[in-house]
$ cat data_22.cif   # mmCIF, C-alpha atoms
data_final
#
loop_
_atom_site.group_PDB
_atom_site.id
_atom_site.type_symbol
_atom_site.label_atom_id
_atom_site.label_comp_id
_atom_site.auth_asym_id
_atom_site.auth_seq_id
_atom_site.Cartn_x
_atom_site.Cartn_y
_atom_site.Cartn_z
ATOM 1 C CA MET K 1 -38.773 31.949 3.434
ATOM 2 C CA PHE K 2 -36.532 34.921 4.324
ATOM 3 C CA ALA K 3 -33.552 36.421 2.545
ATOM 4 C CA MET K 4 -30.550 37.996 4.278
ATOM 5 C CA THR K 5 -32.570 41.244 4.702
ATOM 6 C CA ASP K 6 -35.282 39.379 6.669
ATOM 7 C CA LYS K 7 -37.843 40.543 4.110
ATOM 8 C CA PRO K 8 -40.193 37.824 2.926
ATOM 9 C CA VAL K 9 -39.267 36.213 -0.362
ATOM 10 C CA SER K 10 -42.046 34.815 -2.493
ATOM 11 C CA SER K 11 -41.551 31.104 -3.071
ATOM 12 C CA SER K 12 -43.865 31.267 -6.103
ATOM 13 C CA GLN K 13 -41.316 33.247 -8.154
ATOM 14 C CA PRO K 14 -38.243 31.146 -8.921
ATOM 15 C CA SER K 15 -34.913 32.922 -8.885
ATOM 16 C CA ALA K 16 -32.788 33.139 -12.025
ATOM 17 C CA ALA K 17 -30.319 30.710 -10.454
ATOM 18 C CA SER K 18 -32.989 28.122 -9.616
ATOM 19 C CA SER K 19 -34.519 28.500 -13.106
ATOM 20 C CA ALA K 20 -31.101 27.926 -14.699
ATOM 21 C CA ALA K 21 -30.483 24.912 -12.458
ATOM 22 C CA ALA K 22 -33.890 23.465 -13.349
ATOM 23 C CA ALA K 23 -33.205 23.969 -17.072
ATOM 24 C CA ALA K 24 -29.809 22.262 -16.766
ATOM 25 C CA THR K 25 -31.394 19.339 -14.932
ATOM 26 C CA ALA K 26 -34.134 19.050 -17.548
ATOM 27 C CA THR K 27 -31.618 18.895 -20.404
ATOM 28 C CA ALA K 28 -29.368 16.430 -18.584
ATOM 29 C CA ARG K 29 -32.068 13.793 -18.115
ATOM 30 C CA PRO K 30 -30.445 10.351 -18.201
ATOM 31 C CA SER K 31 -31.428 7.988 -20.978
ATOM 32 C CA ALA K 32 -30.966 4.328 -21.787
ATOM 33 C CA GLN K 33 -27.583 3.551 -23.320
ATOM 34 C CA PRO K 34 -27.063 1.592 -26.538
ATOM 35 C CA ARG K 35 -25.259 -1.739 -26.401
ATOM 36 C CA SER K 36 -22.597 -0.315 -28.739
ATOM 37 C CA SER K 37 -21.457 2.052 -25.936
ATOM 38 C CA TYR K 38 -19.799 -0.784 -24.016
ATOM 39 C CA PRO K 39 -16.732 -2.697 -25.204
ATOM 40 C CA VAL K 40 -17.089 -5.691 -22.846
ATOM 41 C CA PHE K 41 -20.121 -7.706 -21.690
ATOM 42 C CA LEU K 42 -20.472 -10.259 -18.922
ATOM 43 C CA PRO K 43 -23.488 -12.492 -18.257
ATOM 44 C CA ILE K 44 -25.349 -11.991 -14.985
ATOM 45 C CA THR K 45 -27.497 -14.726 -13.490
ATOM 46 C CA THR K 46 -30.659 -13.488 -11.849
ATOM 47 C CA ARG K 47 -31.874 -15.249 -8.713
ATOM 48 C CA TRP K 48 -35.318 -15.752 -7.223
ATOM 49 C CA SER K 49 -34.289 -13.560 -4.289
ATOM 50 C CA ASP K 50 -33.398 -10.644 -6.629
ATOM 51 C CA ASN K 51 -37.112 -9.914 -7.167
ATOM 52 C CA ASP K 52 -38.900 -7.706 -4.684
ATOM 53 C CA VAL K 53 -42.569 -7.609 -3.711
ATOM 54 C CA TYR K 54 -43.311 -5.606 -6.865
ATOM 55 C CA GLY K 55 -42.231 -8.509 -9.074
ATOM 56 C CA HIS K 56 -39.045 -6.987 -10.479
ATOM 57 C CA VAL K 57 -35.373 -6.928 -9.559
ATOM 58 C CA ASN K 58 -34.909 -4.655 -6.545
ATOM 59 C CA ASN K 59 -32.838 -1.527 -7.147
ATOM 60 C CA VAL K 60 -30.108 -2.498 -4.674
ATOM 61 C CA VAL K 61 -29.331 -5.636 -6.720
ATOM 62 C CA TYR K 62 -28.148 -3.522 -9.654
ATOM 63 C CA TYR K 63 -25.292 -2.143 -7.528
ATOM 64 C CA SER K 64 -24.196 -5.679 -6.762
ATOM 65 C CA TRP K 65 -24.264 -6.449 -10.485
ATOM 66 C CA PHE K 66 -22.041 -3.428 -11.182
ATOM 67 C CA ASP K 67 -19.444 -4.639 -8.697
ATOM 68 C CA THR K 68 -19.707 -8.255 -9.891
ATOM 69 C CA ALA K 69 -19.278 -7.371 -13.578
ATOM 70 C CA VAL K 70 -16.255 -5.108 -13.108
ATOM 71 C CA ASN K 71 -14.477 -7.371 -10.642
ATOM 72 C CA ALA K 72 -15.166 -10.511 -12.710
ATOM 73 C CA HIS K 73 -13.590 -8.818 -15.732
ATOM 74 C CA LEU K 74 -10.537 -7.710 -13.731
ATOM 75 C CA ILE K 75 -10.113 -11.227 -12.306
ATOM 76 C CA GLU K 76 -10.456 -12.772 -15.800
ATOM 77 C CA GLN K 77 -7.774 -10.370 -17.052
ATOM 78 C CA GLY K 78 -5.437 -11.372 -14.196
ATOM 79 C CA VAL K 79 -5.206 -7.904 -12.614
ATOM 80 C CA LEU K 80 -7.297 -8.385 -9.469
ATOM 81 C CA ASP K 81 -6.329 -10.709 -6.636
ATOM 82 C CA PHE K 82 -8.485 -9.668 -3.702
ATOM 83 C CA HIS K 83 -7.062 -12.444 -1.490
ATOM 84 C CA GLY K 84 -3.333 -11.896 -1.956
ATOM 85 C CA GLY K 85 -2.889 -8.716 -3.992
ATOM 86 C CA ASP K 86 -1.345 -5.611 -2.479
ATOM 87 C CA THR K 87 -3.700 -3.188 -4.310
ATOM 88 C CA ILE K 88 -7.475 -3.144 -3.871
ATOM 89 C CA GLY K 89 -10.235 -0.866 -5.140
ATOM 90 C CA LEU K 90 -12.585 0.815 -2.672
ATOM 91 C CA VAL K 91 -15.908 2.184 -3.911
ATOM 92 C CA VAL K 92 -16.233 5.890 -3.045
ATOM 93 C CA GLU K 93 -19.168 6.868 -5.280
ATOM 94 C CA THR K 94 -22.017 5.063 -6.991
ATOM 95 C CA GLN K 95 -25.165 5.974 -8.929
ATOM 96 C CA CYS K 96 -27.789 4.261 -11.103
ATOM 97 C CA ASN K 97 -30.674 5.256 -13.391
ATOM 98 C CA TYR K 98 -33.435 2.803 -14.263
ATOM 99 C CA PHE K 99 -35.208 2.661 -17.629
ATOM 100 C CA ALA K 100 -36.958 -0.732 -17.803
ATOM 101 C CA SER K 101 -37.821 -3.489 -15.354
ATOM 102 C CA LEU K 102 -35.977 -6.777 -15.188
ATOM 103 C CA ALA K 103 -37.157 -9.853 -13.288
ATOM 104 C CA TYR K 104 -36.092 -13.365 -12.404
ATOM 105 C CA PRO K 105 -35.624 -15.616 -14.378
ATOM 106 C CA GLN K 106 -34.561 -13.205 -17.150
ATOM 107 C CA LYS K 107 -31.075 -13.502 -18.591
ATOM 108 C CA VAL K 108 -29.118 -10.305 -18.009
ATOM 109 C CA GLU K 109 -25.854 -8.896 -19.381
ATOM 110 C CA ALA K 110 -23.672 -6.150 -17.953
ATOM 111 C CA GLY K 111 -21.712 -3.916 -20.318
ATOM 112 C CA ILE K 112 -18.693 -2.168 -18.825
ATOM 113 C CA ARG K 113 -16.539 0.762 -19.864
ATOM 114 C CA VAL K 114 -14.115 3.193 -18.228
ATOM 115 C CA ALA K 115 -15.161 6.839 -18.421
ATOM 116 C CA ARG K 116 -12.252 8.307 -16.450
ATOM 117 C CA LEU K 117 -8.869 6.910 -15.576
ATOM 118 C CA GLY K 118 -6.895 8.837 -12.974
ATOM 119 C CA GLY K 119 -3.662 8.212 -11.112
ATOM 120 C CA SER K 120 -5.255 6.089 -8.394
ATOM 121 C CA SER K 121 -8.954 6.180 -9.297
ATOM 122 C CA VAL K 122 -11.269 4.877 -12.000
ATOM 123 C CA ARG K 123 -14.829 5.769 -12.966
ATOM 124 C CA TYR K 124 -16.523 2.659 -14.315
ATOM 125 C CA GLU K 125 -19.787 2.943 -16.211
ATOM 126 C CA VAL K 126 -22.029 -0.092 -16.377
ATOM 127 C CA GLY K 127 -25.087 -0.764 -18.493
ATOM 128 C CA ILE K 128 -27.475 -3.525 -17.468
ATOM 129 C CA PHE K 129 -29.265 -5.158 -20.398
ATOM 130 C CA ALA K 130 -31.904 -7.820 -20.800
ATOM 131 C CA ALA K 131 -30.075 -10.474 -22.823
ATOM 132 C CA GLY K 132 -30.087 -9.463 -26.494
ATOM 133 C CA SER K 133 -31.628 -6.025 -25.879
ATOM 134 C CA GLU K 134 -30.090 -3.082 -27.728
ATOM 135 C CA GLU K 135 -30.865 -0.539 -24.971
ATOM 136 C CA SER K 136 -29.949 -0.686 -21.308
ATOM 137 C CA ALA K 137 -32.591 -1.360 -18.684
ATOM 138 C CA ALA K 138 -30.344 0.533 -16.259
ATOM 139 C CA ALA K 139 -27.116 2.507 -16.490
ATOM 140 C CA GLY K 140 -24.884 3.834 -13.796
ATOM 141 C CA HIS K 141 -21.388 4.263 -12.534
ATOM 142 C CA PHE K 142 -19.115 3.745 -9.615
ATOM 143 C CA VAL K 143 -15.707 5.108 -8.708
ATOM 144 C CA HIS K 144 -12.945 2.921 -7.331
ATOM 145 C CA VAL K 145 -10.015 4.484 -5.518
ATOM 146 C CA TYR K 146 -7.166 1.997 -5.563
ATOM 147 C CA VAL K 147 -5.355 1.702 -2.273
ATOM 148 C CA ASP K 148 -2.633 -0.280 -0.582
ATOM 149 C CA ALA K 149 -4.359 -3.356 0.873
ATOM 150 C CA ALA K 150 -2.544 -3.013 4.207
ATOM 151 C CA THR K 151 -2.555 0.759 4.811
ATOM 152 C CA ARG K 152 -5.736 1.659 2.867
ATOM 153 C CA ARG K 153 -3.902 4.708 1.489
ATOM 154 C CA PRO K 154 -4.297 5.610 -2.216
ATOM 155 C CA LYS K 155 -1.573 4.347 -4.503
ATOM 156 C CA PRO K 156 -0.896 4.620 -8.226
ATOM 157 C CA LEU K 157 -2.644 2.099 -10.452
ATOM 158 C CA PRO K 158 -0.354 -0.843 -11.239
ATOM 159 C CA GLU K 159 0.714 -0.757 -14.896
ATOM 160 C CA ALA K 160 -0.954 -4.093 -15.770
ATOM 161 C CA LEU K 161 -4.254 -2.848 -14.312
ATOM 162 C CA ARG K 162 -3.909 0.464 -16.163
ATOM 163 C CA ARG K 163 -3.496 -1.380 -19.499
ATOM 164 C CA VAL K 164 -6.655 -3.436 -18.891
ATOM 165 C CA LEU K 165 -8.592 -0.305 -17.898
ATOM 166 C CA GLN K 166 -7.379 1.652 -20.931
ATOM 167 C CA ALA K 167 -8.844 -1.072 -23.153
ATOM 168 C CA LEU K 168 -12.240 -0.329 -21.563
ATOM 169 C CA GLN K 169 -12.171 3.348 -22.529
ATOM 170 C CA PRO K 170 -14.518 3.981 -25.487
ATOM 171 C CA ALA K 171 -11.932 5.657 -27.764
ATOM 172 C CA THR K 172 -9.324 2.971 -27.001
ATOM 173 C CA ALA K 173 -11.838 0.144 -27.429
ATOM 174 C CA ALA K 174 -13.007 1.519 -30.790
ATOM 175 C CA ALA K 175 -9.418 1.810 -32.017
ATOM 176 C CA ALA K 176 -8.685 -1.788 -31.020
ATOM 177 C CA VAL K 177 -11.561 -3.150 -33.183
#
$ encode --input "data_22.cif" --output "structure tokens"
Amino acid sequence: MFAMTDKPVSSSQPSAASSAAAAATATARPSAQPRSSYPVFLPITTRWSDNDVYGHVNNVVYYSWFDTAVNAHLIEQGVLDFHGGDTIGLVVETQCNYFASLAYPQKVEAGIRVARLGGSSVRYEVGIFAAGSEESAAAGHFVHVYVDAATRRPKPLPEALRRVLQALQPATAAAAV
């Protein structure tokens, strides 16, 4: 490894910046989320094909569950019409951490909340729980940017959608109880 001076730099001595970054990463280790962190839950049906060769639900399936849970809630609330609506949400970011295995034919529940509500974007956080479990088996997030269905250009969140999303924000959900 060489620095800008072309003098060798020892890779065995971490720099102050890399040490600080490592410490920040160590303190920010994700952990399972409690059921009480999510204001809304939806049941998820596992399928035989969700299991992989290791005998548990494959990691890619969790992302599908995130999308299914959020969109099912929005449809139930009457604010998502992906066939005829003029506003749609496009996923621009997604992430998941895994804490415990799930497998078919387990019953699963997805808890949803809104962590950030912008002018045209939303950060959803989703916890995946074995039915009745108090801690998530997985937790993650995805960001929707809402766009005009025809032009695919960002547009402000419709007011009805904004109201439904505000109810999913932890402080708002706690106040409503």
$ closest_residue --input "data_22.cif" --among "K:Ser136, K:Ser121, K:Gln166, K:Asn59" --to "Ser36 in chain K" --atoms "all atoms listed in the file"
K:Ser136
$ atom_distance --input "data_22.cif" --atom1 "CA of Asp148 in chain K" --atom2 "CA of Val164 in chain K"
19.0 Å
$ residues_around --input "data_22.cif" --residues "range 60-70 of chain K" --least-positions-apart "6" --cutoff "9 Å" --atoms "all atoms listed in the file" --output "list in words"
Phe41, Leu42, Pro43, Ile44, Asp50, Asn51, Thr94, Gln95, Cys96, Glu109, Ala110, Gly111, Ile112, Arg113, Tyr124, Glu125, Val126, Gly127, Ile128, Ala138, Gly140, His141 and Phe142 of chain K
$ write_last_selection --input "data_22.cif" --atoms "C-alpha atoms" --output "PDB file, in the frame of the given file"
ATOM      1  CA  PHE K  41     -20.121  -7.706 -21.690  1.00  0.00           C
ATOM      2  CA  LEU K  42     -20.472 -10.259 -18.922  1.00  0.00           C
ATOM      3  CA  PRO K  43     -23.488 -12.492 -18.257  1.00  0.00           C
ATOM      4  CA  ILE K  44     -25.349 -11.991 -14.985  1.00  0.00           C
ATOM      5  CA  ASP K  50     -33.398 -10.644  -6.629  1.00  0.00           C
ATOM      6  CA  ASN K  51     -37.112  -9.914  -7.167  1.00  0.00           C
ATOM      7  CA  THR K  94     -22.017   5.063  -6.991  1.00  0.00           C
ATOM      8  CA  GLN K  95     -25.165   5.974  -8.929  1.00  0.00           C
ATOM      9  CA  CYS K  96     -27.789   4.261 -11.103  1.00  0.00           C
ATOM     10  CA  GLU K 109     -25.854  -8.896 -19.381  1.00  0.00           C
ATOM     11  CA  ALA K 110     -23.672  -6.150 -17.953  1.00  0.00           C
ATOM     12  CA  GLY K 111     -21.712  -3.916 -20.318  1.00  0.00           C
ATOM     13  CA  ILE K 112     -18.693  -2.168 -18.825  1.00  0.00           C
ATOM     14  CA  ARG K 113     -16.539   0.762 -19.864  1.00  0.00           C
ATOM     15  CA  TYR K 124     -16.523   2.659 -14.315  1.00  0.00           C
ATOM     16  CA  GLU K 125     -19.787   2.943 -16.211  1.00  0.00           C
ATOM     17  CA  VAL K 126     -22.029  -0.092 -16.377  1.00  0.00           C
ATOM     18  CA  GLY K 127     -25.087  -0.764 -18.493  1.00  0.00           C
ATOM     19  CA  ILE K 128     -27.475  -3.525 -17.468  1.00  0.00           C
ATOM     20  CA  ALA K 138     -30.344   0.533 -16.259  1.00  0.00           C
ATOM     21  CA  GLY K 140     -24.884   3.834 -13.796  1.00  0.00           C
ATOM     22  CA  HIS K 141     -21.388   4.263 -12.534  1.00  0.00           C
ATOM     23  CA  PHE K 142     -19.115   3.745  -9.615  1.00  0.00           C
TER      24      PHE K 142
END
$ atom_distance --input "data_22.cif" --atom1 "CA of Leu165 in chain K" --atom2 "CA of Leu117 in chain K"
7.6 Å
$ residues_around --input "data_22.cif" --residues "Tyr104 in chain K" --least-positions-apart "5" --cutoff "12 Å" --atoms "all atoms listed in the file" --output "PDB file with C-alpha atoms, keeping the file's coordinate frame"
ATOM      1  CA  ILE K  44     -25.349 -11.991 -14.985  1.00  0.00           C
ATOM      2  CA  THR K  45     -27.497 -14.726 -13.490  1.00  0.00           C
ATOM      3  CA  THR K  46     -30.659 -13.488 -11.849  1.00  0.00           C
ATOM      4  CA  ARG K  47     -31.874 -15.249  -8.713  1.00  0.00           C
ATOM      5  CA  TRP K  48     -35.318 -15.752  -7.223  1.00  0.00           C
ATOM      6  CA  SER K  49     -34.289 -13.560  -4.289  1.00  0.00           C
ATOM      7  CA  ASP K  50     -33.398 -10.644  -6.629  1.00  0.00           C
ATOM      8  CA  ASN K  51     -37.112  -9.914  -7.167  1.00  0.00           C
ATOM      9  CA  ASP K  52     -38.900  -7.706  -4.684  1.00  0.00           C
ATOM     10  CA  TYR K  54     -43.311  -5.606  -6.865  1.00  0.00           C
ATOM     11  CA  GLY K  55     -42.231  -8.509  -9.074  1.00  0.00           C
ATOM     12  CA  HIS K  56     -39.045  -6.987 -10.479  1.00  0.00           C
ATOM     13  CA  VAL K  57     -35.373  -6.928  -9.559  1.00  0.00           C
ATOM     14  CA  ASN K  58     -34.909  -4.655  -6.545  1.00  0.00           C
ATOM     15  CA  VAL K  61     -29.331  -5.636  -6.720  1.00  0.00           C
ATOM     16  CA  ALA K 130     -31.904  -7.820 -20.800  1.00  0.00           C
TER      17      ALA K 130
END
$ decode --input "data_22.cif" --residues "range 89-117 of chain K" --atoms "C-alpha atoms" --output "compact mmCIF listing (two decimals), in the first residue's frame"
# COMPACT_ATOMS: atom_id res chain seq x y z
CA GLY K 89 -43.78 4.32 -5.46
CA LEU K 90 -40.44 3.17 -6.87
CA VAL K 91 -37.94 1.46 -4.57
CA VAL K 92 -34.60 3.30 -4.61
CA GLU K 93 -32.92 1.77 -1.54
CA THR K 94 -33.32 -1.39 0.49
CA GLN K 95 -31.49 -3.17 3.32
CA CYS K 96 -32.08 -6.05 5.75
CA ASN K 97 -30.43 -7.52 8.86
CA TYR K 98 -31.13 -11.09 9.96
CA PHE K 99 -31.31 -12.23 13.59
CA ALA K 100 -33.08 -15.62 13.58
CA SER K 101 -34.03 -18.20 10.98
CA LEU K 102 -37.56 -18.68 9.73
CA ALA K 103 -38.76 -21.65 7.67
CA TYR K 104 -41.82 -22.97 5.90
CA PRO K 105 -44.44 -23.72 7.23
CA GLN K 106 -43.96 -21.14 10.02
CA LYS K 107 -46.52 -18.38 10.42
CA VAL K 108 -44.89 -14.99 9.94
CA GLU K 109 -45.96 -11.40 10.65
CA ALA K 110 -44.55 -8.18 9.23
CA GLY K 111 -44.57 -5.04 11.37
CA ILE K 112 -44.38 -1.76 9.48
CA ARG K 113 -43.56 1.81 10.44
CA VAL K 114 -42.47 5.01 8.71
CA ALA K 115 -39.10 6.35 9.84
CA ARG K 116 -38.92 9.34 7.48
CA LEU K 117 -41.58 11.12 5.51
